[in-house]
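Colleague: File follows, entry-v3.pdb with PDB, C-alpha atoms:
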```pdb
MODEL        1
ATOM      1  CA  MET Y   1     118.825 -41.477  70.091
ATOM      2  CA  ASP Y   2     118.007 -37.775  70.036
ATOM      3  CA  THR Y   3     120.303 -35.960  67.619
ATOM      4  CA  ARG Y   4     118.358 -32.696  67.316
ATOM      5  CA  PHE Y   5     121.022 -30.735  69.229
ATOM      6  CA  SER Y   6     123.901 -32.171  67.233
ATOM      7  CA  SER Y   7     122.014 -31.694  63.922
ATOM      8  CA  ALA Y   8     121.122 -28.109  64.893
ATOM      9  CA  LEU Y   9     124.793 -27.314  65.561
ATOM     10  CA  HIS Y  10     125.780 -28.763  62.177
ATOM     11  CA  MET Y  11     123.003 -26.755  60.515
ATOM     12  CA  LEU Y  12     123.941 -23.485  62.250
ATOM     13  CA  ILE Y  13     127.604 -23.833  61.259
ATOM     14  CA  LEU Y  14     126.454 -24.149  57.620
ATOM     15  CA  ILE Y  15     124.068 -21.166  57.900
ATOM     16  CA  SER Y  16     126.760 -19.070  59.564
ATOM     17  CA  GLU Y  17     129.614 -19.959  57.221
ATOM     18  CA  ALA Y  18     128.078 -20.583  53.769
ATOM     19  CA  GLU Y  19     128.814 -17.885  51.194
ATOM     20  CA  THR Y  20     125.242 -18.051  49.872
ATOM     21  CA  PRO Y  21     122.137 -18.977  51.948
ATOM     22  CA  MET Y  22     121.545 -22.729  52.072
ATOM     23  CA  THR Y  23     118.137 -24.357  51.657
ATOM     24  CA  SER Y  24     116.672 -27.168  53.799
ATOM     25  CA  GLU Y  25     117.539 -29.641  51.004
ATOM     26  CA  GLN Y  26     121.181 -28.537  50.861
ATOM     27  CA  ILE Y  27     121.517 -28.605  54.668
ATOM     28  CA  ALA Y  28     119.876 -32.073  54.793
ATOM     29  CA  GLY Y  29     122.445 -33.255  52.234
ATOM     30  CA  SER Y  30     125.322 -32.228  54.505
ATOM     31  CA  VAL Y  31     123.737 -33.388  57.804
ATOM     32  CA  GLY Y  32     122.833 -36.722  56.182
ATOM     33  CA  THR Y  33     119.101 -36.604  56.842
ATOM     34  CA  ASN Y  34     115.907 -35.532  55.075
ATOM     35  CA  ALA Y  35     114.694 -31.977  54.434
ATOM     36  CA  THR Y  36     111.540 -32.494  56.544
ATOM     37  CA  TYR Y  37     113.670 -33.148  59.654
ATOM     38  CA  ILE Y  38     115.774 -30.059  58.898
ATOM     39  CA  ARG Y  39     112.640 -27.921  58.430
ATOM     40  CA  LYS Y  40     111.368 -29.152  61.807
ATOM     41  CA  ILE Y  41     114.606 -28.075  63.523
ATOM     42  CA  ALA Y  42     114.543 -24.811  61.522
ATOM     43  CA  GLY Y  43     111.018 -24.208  62.855
ATOM     44  CA  SER Y  44     112.288 -24.464  66.458
ATOM     45  CA  LEU Y  45     115.274 -22.206  65.738
ATOM     46  CA  LYS Y  46     113.016 -19.616  64.063
ATOM     47  CA  LYS Y  47     110.569 -19.682  66.983
ATOM     48  CA  ALA Y  48     113.504 -18.977  69.335
ATOM     49  CA  GLY Y  49     114.613 -16.032  67.175
ATOM     50  CA  ILE Y  50     117.925 -17.684  66.222
ATOM     51  CA  ILE Y  51     117.398 -17.848  62.432
ATOM     52  CA  GLU Y  52     114.957 -16.427  59.906
ATOM     53  CA  SER Y  53     113.882 -17.183  56.354
ATOM     54  CA  ARG Y  54     112.635 -14.210  54.351
ATOM     55  CA  GLN Y  55     109.743 -14.427  51.946
ATOM     56  CA  GLY Y  56     110.953 -14.695  48.374
ATOM     57  CA  VAL Y  57     114.526 -15.479  49.487
ATOM     58  CA  ARG Y  58     115.717 -19.077  49.564
ATOM     59  CA  GLY Y  59     117.593 -20.343  52.613
ATOM     60  CA  PHE Y  60     118.116 -19.230  56.188
ATOM     61  CA  THR Y  61     119.902 -16.316  57.876
ATOM     62  CA  LEU Y  62     121.428 -16.221  61.350
ATOM     63  CA  LEU Y  63     119.800 -13.507  63.493
ATOM     64  CA  ILE Y  64     122.287 -13.680  66.387
ATOM     65  CA  PRO Y  65     126.032 -13.248  65.737
ATOM     66  CA  SER Y  66     127.806 -16.588  66.279
ATOM     67  CA  GLU Y  67     129.944 -15.118  69.092
ATOM     68  CA  ARG Y  68     126.777 -14.275  71.051
ATOM     69  CA  LEU Y  69     124.802 -17.408  70.185
ATOM     70  CA  THR Y  70     125.246 -19.705  73.198
ATOM     71  CA  LEU Y  71     124.948 -23.490  73.045
ATOM     72  CA  LEU Y  72     122.389 -23.192  75.858
ATOM     73  CA  SER Y  73     120.015 -21.125  73.708
ATOM     74  CA  ILE Y  74     120.391 -23.644  70.846
ATOM     75  CA  TYR Y  75     119.819 -26.587  73.210
ATOM     76  CA  ARG Y  76     116.747 -24.898  74.705
ATOM     77  CA  ALA Y  77     115.341 -24.035  71.264
ATOM     78  CA  VAL Y  78     115.528 -27.560  69.849
ATOM     79  CA  ASN Y  79     114.389 -29.280  73.047
ATOM     80  CA  GLY Y  80     111.481 -26.884  73.524
ATOM     81  CA  SER Y  81     112.320 -26.454  77.199
ATOM     82  CA  SER Y  82     113.864 -23.761  79.364
ATOM     83  CA  CYS Y  83     115.615 -26.440  81.456
ATOM     84  CA  VAL Y  84     118.360 -28.891  80.601
ATOM     85  CA  SER Y  85     116.949 -32.322  81.477
ATOM     86  CA  LEU Y  86     119.514 -35.120  81.761
ATOM     87  CA  PHE Y  87     118.290 -37.578  84.382
ATOM     88  CA  ASP Y  88     114.917 -39.313  84.450
ATOM     89  CA  LEU Y  89     113.021 -39.953  87.661
ATOM     90  CA  HIS Y  90     111.180 -43.238  88.305
ATOM     91  CA  GLN Y  91     107.479 -42.477  88.382
ATOM     92  CA  ASN Y  92     105.816 -44.803  90.889
ATOM     93  CA  PRO Y  93     107.673 -44.835  94.222
ATOM     94  CA  ASN Y  94     105.494 -46.234  96.993
ATOM     95  CA  ASP Y  95     104.100 -43.526  99.293
ATOM     96  CA  ARG Y  96     103.609 -46.055 102.094
ATOM     97  CA  CYS Y  97     107.412 -46.476 102.425
ATOM     98  CA  ILE Y  98     109.155 -43.515 104.043
ATOM     99  CA  VAL Y  99     111.933 -43.522 101.418
ATOM    100  CA  GLY Y 100     109.419 -43.979  98.584
ATOM    101  CA  LYS Y 101     107.401 -41.085  99.944
ATOM    102  CA  HIS Y 102     110.285 -38.607  99.938
ATOM    103  CA  ILE Y 103     112.504 -39.769  97.063
ATOM    104  CA  LYS Y 104     110.920 -37.577  94.374
ATOM    105  CA  PRO Y 105     111.541 -34.099  95.848
ATOM    106  CA  VAL Y 106     115.037 -35.168  96.981
ATOM    107  CA  LEU Y 107     116.122 -36.505  93.565
ATOM    108  CA  GLN Y 108     114.406 -33.641  91.748
ATOM    109  CA  LYS Y 109     116.510 -31.198  93.787
ATOM    110  CA  GLU Y 110     119.705 -33.214  93.244
ATOM    111  CA  PHE Y 111     119.132 -33.675  89.489
ATOM    112  CA  SER Y 112     118.237 -29.974  89.041
ATOM    113  CA  SER Y 113     121.469 -29.031  90.723
ATOM    114  CA  LEU Y 114     123.490 -31.359  88.435
ATOM    115  CA  GLU Y 115     121.589 -30.094  85.385
ATOM    116  CA  SER Y 116     122.295 -26.487  86.283
ATOM    117  CA  VAL Y 117     126.034 -27.312  86.121
ATOM    118  CA  VAL Y 118     125.520 -28.382  82.486
ATOM    119  CA  SER Y 119     123.340 -25.331  81.749
ATOM    120  CA  GLN Y 120     126.143 -23.088  82.970
ATOM    121  CA  ALA Y 121     128.692 -24.938  80.839
ATOM    122  CA  LEU Y 122     126.421 -24.687  77.748
ATOM    123  CA  ASN Y 123     125.870 -21.004  78.491
ATOM    124  CA  GLY Y 124     129.615 -20.413  78.515
ATOM    125  CA  ARG Y 125     130.081 -21.833  75.001
ATOM    126  CA  THR Y 126     129.023 -20.226  71.706
ATOM    127  CA  LEU Y 127     128.515 -21.253  68.094
ATOM    128  CA  LYS Y 128     131.689 -19.250  67.374
ATOM    129  CA  ASN Y 129     133.658 -21.569  69.710
ATOM    130  CA  ILE Y 130     132.460 -24.572  67.697
ATOM    131  CA  ILE Y 131     133.258 -22.878  64.372
ATOM    132  CA  ASP Y 132     136.760 -22.043  65.649
ATOM    133  CA  MET Y 133     137.260 -25.678  66.690
ATOM    134  CA  MET Y 134     136.204 -26.735  63.205
ATOM    135  CA  ARG Y 135     138.599 -24.233  61.556
ATOM    136  CA  ASN Y 136     141.452 -25.689  63.630
ATOM    137  CA  GLU Y 137     140.384 -29.213  62.655
ATOM    138  CA  ILE Y 138     140.262 -28.236  58.970
ATOM    139  CA  ASP Y 139     143.443 -26.125  58.999
ATOM    140  CA  ALA Y 140     145.542 -29.191  59.689
ATOM    141  CA  GLN Y 141     144.241 -30.684  56.452
ATOM    142  CA  GLY Y 142     144.664 -27.628  54.184
ATOM    143  CA  THR Y 143     141.073 -27.205  52.981
ATOM    144  CA  ASN Y 144     138.900 -24.092  52.901
ATOM    145  CA  MET Y 145     135.798 -24.158  55.147
ATOM    146  CA  THR Y 146     133.351 -22.109  53.067
ATOM    147  CA  SER Y 147     134.099 -23.588  49.662
ATOM    148  CA  GLY Y 148     135.267 -27.028  50.647
ATOM    149  CA  GLU Y 149     138.002 -26.662  48.030
ATOM    150  CA  GLN Y 150     141.642 -27.491  48.576
ATOM    151  CA  LYS Y 151     143.706 -24.337  49.301
TER     152      LYS Y 151
ATOM    153  CA  MET R   1     112.817 -42.916  79.764
ATOM    154  CA  ASP R   2     115.823 -44.442  81.504
ATOM    155  CA  THR R   3     115.276 -44.542  85.250
ATOM    156  CA  ARG R   4     118.050 -46.988  86.187
ATOM    157  CA  PHE R   5     120.117 -44.272  87.903
ATOM    158  CA  SER R   6     117.173 -42.882  89.850
ATOM    159  CA  SER R   7     115.987 -46.413  90.797
ATOM    160  CA  ALA R   8     119.530 -47.371  91.861
ATOM    161  CA  LEU R   9     119.742 -44.331  94.156
ATOM    162  CA  HIS R  10     116.373 -45.233  95.728
ATOM    163  CA  MET R  11     117.547 -48.833  96.150
ATOM    164  CA  LEU R  12     120.884 -47.869  97.714
ATOM    165  CA  ILE R  13     119.225 -45.538 100.232
ATOM    166  CA  LEU R  14     117.071 -48.506 101.316
ATOM    167  CA  ILE R  15     120.060 -50.878 101.510
ATOM    168  CA  SER R  16     122.075 -48.327 103.471
ATOM    169  CA  GLU R  17     119.353 -47.297 105.920
ATOM    170  CA  ALA R  18     117.157 -50.352 106.489
ATOM    171  CA  GLU R  19     117.500 -51.954 109.932
ATOM    172  CA  THR R  20     117.398 -55.461 108.421
ATOM    173  CA  PRO R  21     118.610 -56.409 104.901
ATOM    174  CA  MET R  22     115.916 -55.887 102.254
ATOM    175  CA  THR R  23     115.176 -58.377  99.462
ATOM    176  CA  SER R  24     114.606 -57.572  95.772
ATOM    177  CA  GLU R  25     110.849 -57.982  96.344
ATOM    178  CA  GLN R  26     110.809 -55.517  99.250
ATOM    179  CA  ILE R  27     112.952 -53.004  97.346
ATOM    180  CA  ALA R  28     110.723 -53.364  94.253
ATOM    181  CA  GLY R  29     107.699 -52.622  96.463
ATOM    182  CA  SER R  30     109.219 -49.306  97.557
ATOM    183  CA  VAL R  31     110.642 -48.298  94.141
ATOM    184  CA  GLY R  32     107.304 -49.157  92.490
ATOM    185  CA  THR R  33     108.627 -51.678  89.973
ATOM    186  CA  ASN R  34     109.080 -55.446  89.680
ATOM    187  CA  ALA R  35     111.718 -57.597  91.408
ATOM    188  CA  THR R  36     113.273 -58.657  88.066
ATOM    189  CA  TYR R  37     114.153 -55.031  87.264
ATOM    190  CA  ILE R  38     115.623 -54.575  90.760
ATOM    191  CA  ARG R  39     117.681 -57.781  90.414
ATOM    192  CA  LYS R  40     119.032 -56.468  87.092
ATOM    193  CA  ILE R  41     120.175 -53.216  88.728
ATOM    194  CA  ALA R  42     121.505 -55.220  91.706
ATOM    195  CA  GLY R  43     123.551 -57.282  89.235
ATOM    196  CA  SER R  44     125.228 -54.115  87.884
ATOM    197  CA  LEU R  45     125.871 -52.775  91.392
ATOM    198  CA  LYS R  46     127.360 -56.127  92.477
ATOM    199  CA  LYS R  47     129.597 -56.260  89.394
ATOM    200  CA  ALA R  48     130.889 -52.782  90.286
ATOM    201  CA  GLY R  49     131.643 -53.900  93.879
ATOM    202  CA  ILE R  50     129.060 -51.517  95.378
ATOM    203  CA  ILE R  51     126.783 -54.129  97.021
ATOM    204  CA  GLU R  52     126.906 -57.840  97.776
ATOM    205  CA  SER R  53     124.448 -60.580  98.614
ATOM    206  CA  ARG R  54     125.796 -63.452 100.719
ATOM    207  CA  GLN R  55     124.844 -67.042 100.143
ATOM    208  CA  GLY R  56     122.224 -68.150 102.612
ATOM    209  CA  VAL R  57     121.497 -64.586 103.711
ATOM    210  CA  ARG R  58     118.510 -62.736 102.270
ATOM    211  CA  GLY R  59     118.965 -59.197 101.002
ATOM    212  CA  PHE R  60     121.836 -56.937 100.029
ATOM    213  CA  THR R  61     124.680 -55.257 101.909
ATOM    214  CA  LEU R  62     126.507 -52.051 100.987
ATOM    215  CA  LEU R  63     130.232 -52.680 100.445
ATOM    216  CA  ILE R  64     131.275 -49.013 100.263
ATOM    217  CA  PRO R  65     130.388 -46.616 103.113
ATOM    218  CA  SER R  66     127.745 -44.129 101.904
ATOM    219  CA  GLU R  67     130.092 -41.169 102.534
ATOM    220  CA  ARG R  68     132.615 -42.649 100.083
ATOM    221  CA  LEU R  69     130.123 -43.944  97.506
ATOM    222  CA  THR R  70     130.049 -41.267  94.783
ATOM    223  CA  LEU R  71     127.098 -40.694  92.448
ATOM    224  CA  LEU R  72     129.588 -41.074  89.578
ATOM    225  CA  SER R  73     130.422 -44.656  90.549
ATOM    226  CA  ILE R  74     126.687 -45.469  90.835
ATOM    227  CA  TYR R  75     125.952 -43.821  87.458
ATOM    228  CA  ARG R  76     128.816 -45.704  85.818
ATOM    229  CA  ALA R  77     127.750 -49.018  87.361
ATOM    230  CA  VAL R  78     124.143 -48.876  86.159
ATOM    231  CA  ASN R  79     124.969 -47.447  82.731
ATOM    232  CA  GLY R  80     127.754 -49.984  82.153
ATOM    233  CA  SER R  81     130.097 -47.273  80.913
ATOM    234  CA  SER R  82     133.112 -45.431  82.253
ATOM    235  CA  CYS R  83     131.905 -42.219  80.568
ATOM    236  CA  VAL R  84     128.897 -40.030  81.233
ATOM    237  CA  SER R  85     127.076 -39.794  77.888
ATOM    238  CA  LEU R  86     124.537 -36.994  77.608
ATOM    239  CA  PHE R  87     124.474 -35.807  74.010
ATOM    240  CA  ASP R  88     123.929 -37.958  70.929
ATOM    241  CA  LEU R  89     125.782 -37.360  67.670
ATOM    242  CA  HIS R  90     124.026 -37.618  64.275
ATOM    243  CA  GLN R  91     125.479 -40.601  62.498
ATOM    244  CA  ASN R  92     125.554 -39.858  58.754
ATOM    245  CA  PRO R  93     127.110 -36.453  58.039
ATOM    246  CA  ASN R  94     128.157 -36.168  54.419
ATOM    247  CA  ASP R  95     131.921 -36.524  53.925
ATOM    248  CA  ARG R  96     131.772 -34.645  50.621
ATOM    249  CA  CYS R  97     130.804 -31.424  52.464
ATOM    250  CA  ILE R  98     133.675 -29.822  54.377
ATOM    251  CA  VAL R  99     131.483 -29.232  57.452
ATOM    252  CA  GLY R 100     129.988 -32.733  57.217
ATOM    253  CA  LYS R 101     133.482 -34.162  56.993
ATOM    254  CA  HIS R 102     134.755 -32.532  60.186
ATOM    255  CA  ILE R 103     131.651 -32.248  62.378
ATOM    256  CA  LYS R 104     132.077 -35.585  64.195
ATOM    257  CA  PRO R 105     135.493 -35.054  65.831
ATOM    258  CA  VAL R 106     134.584 -31.441  66.665
ATOM    259  CA  LEU R 107     131.271 -32.294  68.377
ATOM    260  CA  GLN R 108     132.779 -35.377  70.021
ATOM    261  CA  LYS R 109     135.411 -33.130  71.623
ATOM    262  CA  GLU R 110     132.822 -30.503  72.635
ATOM    263  CA  PHE R 111     130.352 -33.057  74.048
ATOM    264  CA  SER R 112     133.136 -34.878  75.947
ATOM    265  CA  SER R 113     134.150 -31.621  77.522
ATOM    266  CA  LEU R 114     130.540 -30.862  78.581
ATOM    267  CA  GLU R 115     130.115 -34.434  79.841
ATOM    268  CA  SER R 116     133.279 -34.199  81.925
ATOM    269  CA  VAL R 117     131.716 -31.222  83.741
ATOM    270  CA  VAL R 118     128.845 -33.512  84.776
ATOM    271  CA  SER R 119     131.234 -36.353  85.690
ATOM    272  CA  GLN R 120     133.071 -34.004  88.021
ATOM    273  CA  ALA R 121     129.795 -32.857  89.599
ATOM    274  CA  LEU R 122     128.667 -36.500  90.062
ATOM    275  CA  ASN R 123     132.067 -37.353  91.522
ATOM    276  CA  GLY R 124     131.702 -34.574  94.079
ATOM    277  CA  ARG R 125     128.416 -35.971  95.433
ATOM    278  CA  THR R 126     127.919 -39.111  97.547
ATOM    279  CA  LEU R 127     125.075 -41.397  98.596
ATOM    280  CA  LYS R 128     125.511 -39.849 102.070
ATOM    281  CA  ASN R 129     124.675 -36.417 100.620
ATOM    282  CA  ILE R 130     121.417 -37.805  99.211
ATOM    283  CA  ILE R 131     120.571 -39.566 102.487
ATOM    284  CA  ASP R 132     121.205 -36.310 104.384
ATOM    285  CA  MET R 133     118.905 -34.449 101.966
ATOM    286  CA  MET R 134     116.254 -37.074 102.606
ATOM    287  CA  ARG R 135     116.661 -36.792 106.400
ATOM    288  CA  ASN R 136     116.142 -33.030 106.124
ATOM    289  CA  GLU R 137     113.078 -33.589 103.928
ATOM    290  CA  ILE R 138     111.666 -36.094 106.431
ATOM    291  CA  ASP R 139     112.605 -34.111 109.564
ATOM    292  CA  ALA R 140     110.191 -31.363 108.612
ATOM    293  CA  GLN R 141     107.403 -33.935 108.715
ATOM    294  CA  GLY R 142     108.299 -35.647 111.992
ATOM    295  CA  THR R 143     108.704 -39.221 110.724
ATOM    296  CA  ASN R 144     111.514 -41.715 111.313
ATOM    297  CA  MET R 145     113.484 -42.780 108.240
ATOM    298  CA  THR R 146     114.320 -46.383 109.092
ATOM    299  CA  SER R 147     110.969 -47.430 110.527
ATOM    300  CA  GLY R 148     108.646 -45.110 108.685
ATOM    301  CA  GLU R 149     106.773 -44.592 111.963
ATOM    302  CA  GLN R 150     105.698 -41.249 113.330
ATOM    303  CA  LYS R 151     108.079 -39.994 116.041
TER     304      LYS R 151
ENDMDL
END
```
Turn the structure described in the file into structure tokens.
Modeller:
Amino acid sequence: MDTRFSSALHMLILISEAETPMTSEQIAGSVGTNATYIRKIAGSLKKAGIIESRQGVRGFTLLIPSERLTLLSIYRAVNGSSCVSLFDLHQNPNDRCIVGKHIKPVLQKEFSSLESVVSQALNGRTLKNIIDMMRNEIDAQGTNMTSGEQK
Amino acid sequence: MDTRFSSALHMLILISEAETPMTSEQIAGSVGTNATYIRKIAGSLKKAGIIESRQGVRGFTLLIPSERLTLLSIYRAVNGSSCVSLFDLHQNPNDRCIVGKHIKPVLQKEFSSLESVVSQALNGRTLKNIIDMMRNEIDAQGTNMTSGEQK
């Protein structure tokens, strides 16, 4: 199970909404994983220019406003790929069969087309959308997002 | 790598287009895998009412015309699920953090919405579409799909 995307979204909500910058250890505590895994994801997000950590300052800062940070750019950053890849292709079709010979380019084209539908959907959603969904979820229960305290 | 969907599409093109019914062994030879794996996929496709094998007759028959057989029904059959699942959710967010407490329902909703975009795209495509793409691919090279012979 690959939960890098889901963990990155959790992490970015924390970085965006926390009143004081959160460290890898604090983020790991909320995501329910270890700090090494969080630092690995942070490395990918830094490389993509999404977050930064300044020398001498603990914790991470968001470099792109949440309303302009698309889910596609987050997905691409943590998967280290410019494409969304959802469907795997079998690797050894038999070239001596006419179907086996032509299946790869045909399915590659079909899968790319399906994957571009997801890319477009991810590109139309932002971190802000997710944060707003979370606010709505929390509002019903009367707690405050940044402090976690009861209102 | 999960290539059940891609292998099932290859297999169904063969079943649909072959002049005489093909056995698991023959299909495995074209897909580039073993007959046990093909029989496993065949089992899922039979269970979903997509193909059948008649007692005393070798090979498989398509039960749904290729122009009505959607990629969604094939995907569902081989993945044994009524939902398209593309994104995994991290399993242990910390309930004592307000974000950790609410992340699961929020991401479940978001991922379901993204997955329904793919379901719709898969539902809008049929085995016939894939076969037509393959015919176009083959036409350029002057070979015949069912026999594999040069025209």
Colleague: Contacts from chain Y to chain R, 8 Å maximum, only C-alpha atoms: show me the residue list as a PyMOL selection string.
Modeller: chain Y and resi 1-3+5-7+10+13-14+29-33+86-100+102-103+106-107+110+114+117-118+121-122+130+133-134+137-138+143-148
Colleague: What do you get, as a list in words, if you spell out every residue that the PyMOL selection byres ((chain R and resi 126) around 8) selects here?
Modeller: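 Applied to this file, the PyMOL selection byres ((chain R and resi 126) around 8) returns Ser66, Glu67, Arg68, Leu69, Thr70, Leu71, Leu122, Asn123, Gly124, Arg125, Leu127, Lys128, Asn129 and Ile130 of chain R.
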Colleague: At what distance in Å, to one decimal, does CA of Gly142 (chain Y) lie from CA of Phe60 (chain Y)?
Modeller: 27.9 Å
Colleague: Draw an axis-aligned box tight on the listed atoms of region 85-93 of chain Y, then pad every side by 8 Å and write out centre and edge lengths in Å to one decimal as JSON.
Modeller:
```
{"center_x": 112.7, "center_y": -38.6, "center_z": 87.8, "size_x": 29.7, "size_y": 28.5, "size_z": 28.7}
```
Colleague: What does the structure give for the distance between CA of Glu19 (chain R) and CA of Ala42 (chain R), in Å to one decimal?
Modeller: 18.9 Å
Colleague: I want to know what sits within 8 Å of region 44-49 of chain R, based on all atoms listed in the file, with residues of the same chain fewer than 4 positions away left out; could you give that as number ranges by chain?
Modeller: R: 40, 63, 74, 77-78, 80
Colleague: Provide the CA of Arg39 (chain Y) to CA of Leu12 (chain Y) distance in Å, to one decimal place.
Modeller: 12.7 Å
Colleague: Mind checking which residues fall within 7 Å of Thr23 (chain R), counting all atoms listed in the file, ignoring those fewer than 2 positions away in the same chain, and posting them as a PyMOL selection string?
Modeller: chain R and resi 21+25-27+58-60
Colleague: Please complete region 5-29 of chain R so it has N, CA and C atoms, and hand it over as a PDB file, in the coordinates of the input.
Modeller:
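Saved to selection.pdb:
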```
ATOM      1  N   PHE R   5     119.322 -45.037  86.940  1.00  0.00           N
ATOM      2  CA  PHE R   5     120.117 -44.272  87.903  1.00  0.00           C
ATOM      3  C   PHE R   5     119.249 -43.873  89.098  1.00  0.00           C
ATOM      4  N   SER R   6     118.082 -43.313  88.797  1.00  0.00           N
ATOM      5  CA  SER R   6     117.173 -42.882  89.850  1.00  0.00           C
ATOM      6  C   SER R   6     116.696 -44.081  90.699  1.00  0.00           C
ATOM      7  N   SER R   7     116.409 -45.210  90.051  1.00  0.00           N
ATOM      8  CA  SER R   7     115.987 -46.413  90.797  1.00  0.00           C
ATOM      9  C   SER R   7     117.137 -46.959  91.646  1.00  0.00           C
ATOM     10  N   ALA R   8     118.360 -46.890  91.104  1.00  0.00           N
ATOM     11  CA  ALA R   8     119.530 -47.371  91.861  1.00  0.00           C
ATOM     12  C   ALA R   8     119.762 -46.513  93.110  1.00  0.00           C
ATOM     13  N   LEU R   9     119.563 -45.211  92.986  1.00  0.00           N
ATOM     14  CA  LEU R   9     119.742 -44.331  94.156  1.00  0.00           C
ATOM     15  C   LEU R   9     118.697 -44.672  95.224  1.00  0.00           C
ATOM     16  N   HIS R  10     117.452 -44.852  94.800  1.00  0.00           N
ATOM     17  CA  HIS R  10     116.373 -45.233  95.728  1.00  0.00           C
ATOM     18  C   HIS R  10     116.745 -46.543  96.449  1.00  0.00           C
ATOM     19  N   MET R  11     117.184 -47.510  95.643  1.00  0.00           N
ATOM     20  CA  MET R  11     117.547 -48.833  96.150  1.00  0.00           C
ATOM     21  C   MET R  11     118.706 -48.757  97.159  1.00  0.00           C
ATOM     22  N   LEU R  12     119.704 -47.956  96.848  1.00  0.00           N
ATOM     23  CA  LEU R  12     120.884 -47.869  97.714  1.00  0.00           C
ATOM     24  C   LEU R  12     120.575 -47.136  99.019  1.00  0.00           C
ATOM     25  N   ILE R  13     119.659 -46.186  98.980  1.00  0.00           N
ATOM     26  CA  ILE R  13     119.225 -45.538 100.232  1.00  0.00           C
ATOM     27  C   ILE R  13     118.588 -46.598 101.128  1.00  0.00           C
ATOM     28  N   LEU R  14     117.731 -47.438 100.541  1.00  0.00           N
ATOM     29  CA  LEU R  14     117.071 -48.506 101.316  1.00  0.00           C
ATOM     30  C   LEU R  14     118.097 -49.468 101.899  1.00  0.00           C
ATOM     31  N   ILE R  15     119.043 -49.909 101.052  1.00  0.00           N
ATOM     32  CA  ILE R  15     120.060 -50.878 101.510  1.00  0.00           C
ATOM     33  C   ILE R  15     120.906 -50.276 102.618  1.00  0.00           C
ATOM     34  N   SER R  16     121.229 -48.994 102.475  1.00  0.00           N
ATOM     35  CA  SER R  16     122.075 -48.327 103.471  1.00  0.00           C
ATOM     36  C   SER R  16     121.345 -48.104 104.790  1.00  0.00           C
ATOM     37  N   GLU R  17     120.059 -47.767 104.720  1.00  0.00           N
ATOM     38  CA  GLU R  17     119.353 -47.297 105.920  1.00  0.00           C
ATOM     39  C   GLU R  17     118.465 -48.323 106.603  1.00  0.00           C
ATOM     40  N   ALA R  18     118.094 -49.394 105.889  1.00  0.00           N
ATOM     41  CA  ALA R  18     117.157 -50.352 106.489  1.00  0.00           C
ATOM     42  C   ALA R  18     117.786 -51.055 107.698  1.00  0.00           C
ATOM     43  N   GLU R  19     116.971 -51.327 108.717  1.00  0.00           N
ATOM     44  CA  GLU R  19     117.500 -51.954 109.932  1.00  0.00           C
ATOM     45  C   GLU R  19     117.839 -53.420 109.703  1.00  0.00           C
ATOM     46  N   THR R  20     117.079 -54.077 108.829  1.00  0.00           N
ATOM     47  CA  THR R  20     117.398 -55.461 108.421  1.00  0.00           C
ATOM     48  C   THR R  20     117.509 -55.494 106.898  1.00  0.00           C
ATOM     49  N   PRO R  21     118.405 -56.371 106.351  1.00  0.00           N
ATOM     50  CA  PRO R  21     118.610 -56.409 104.901  1.00  0.00           C
ATOM     51  C   PRO R  21     117.300 -56.568 104.135  1.00  0.00           C
ATOM     52  N   MET R  22     117.146 -55.822 103.056  1.00  0.00           N
ATOM     53  CA  MET R  22     115.916 -55.887 102.254  1.00  0.00           C
ATOM     54  C   MET R  22     116.128 -56.756 101.023  1.00  0.00           C
ATOM     55  N   THR R  23     115.101 -57.515 100.654  1.00  0.00           N
ATOM     56  CA  THR R  23     115.176 -58.377  99.462  1.00  0.00           C
ATOM     57  C   THR R  23     114.775 -57.581  98.210  1.00  0.00           C
ATOM     58  N   SER R  24     115.006 -58.191  97.046  1.00  0.00           N
ATOM     59  CA  SER R  24     114.606 -57.572  95.772  1.00  0.00           C
ATOM     60  C   SER R  24     113.115 -57.254  95.773  1.00  0.00           C
ATOM     61  N   GLU R  25     112.306 -58.168  96.324  1.00  0.00           N
ATOM     62  CA  GLU R  25     110.849 -57.982  96.344  1.00  0.00           C
ATOM     63  C   GLU R  25     110.477 -56.763  97.194  1.00  0.00           C
ATOM     64  N   GLN R  26     111.121 -56.647  98.367  1.00  0.00           N
ATOM     65  CA  GLN R  26     110.809 -55.517  99.250  1.00  0.00           C
ATOM     66  C   GLN R  26     111.241 -54.193  98.617  1.00  0.00           C
ATOM     67  N   ILE R  27     112.444 -54.217  97.998  1.00  0.00           N
ATOM     68  CA  ILE R  27     112.952 -53.004  97.346  1.00  0.00           C
ATOM     69  C   ILE R  27     112.029 -52.618  96.191  1.00  0.00           C
ATOM     70  N   ALA R  28     111.623 -53.623  95.388  1.00  0.00           N
ATOM     71  CA  ALA R  28     110.723 -53.364  94.253  1.00  0.00           C
ATOM     72  C   ALA R  28     109.424 -52.728  94.744  1.00  0.00           C
ATOM     73  N   GLY R  29     108.935 -53.168  95.899  1.00  0.00           N
ATOM     74  CA  GLY R  29     107.699 -52.622  96.463  1.00  0.00           C
ATOM     75  C   GLY R  29     107.827 -51.150  96.789  1.00  0.00           C
TER      76      GLY R  29
END
```
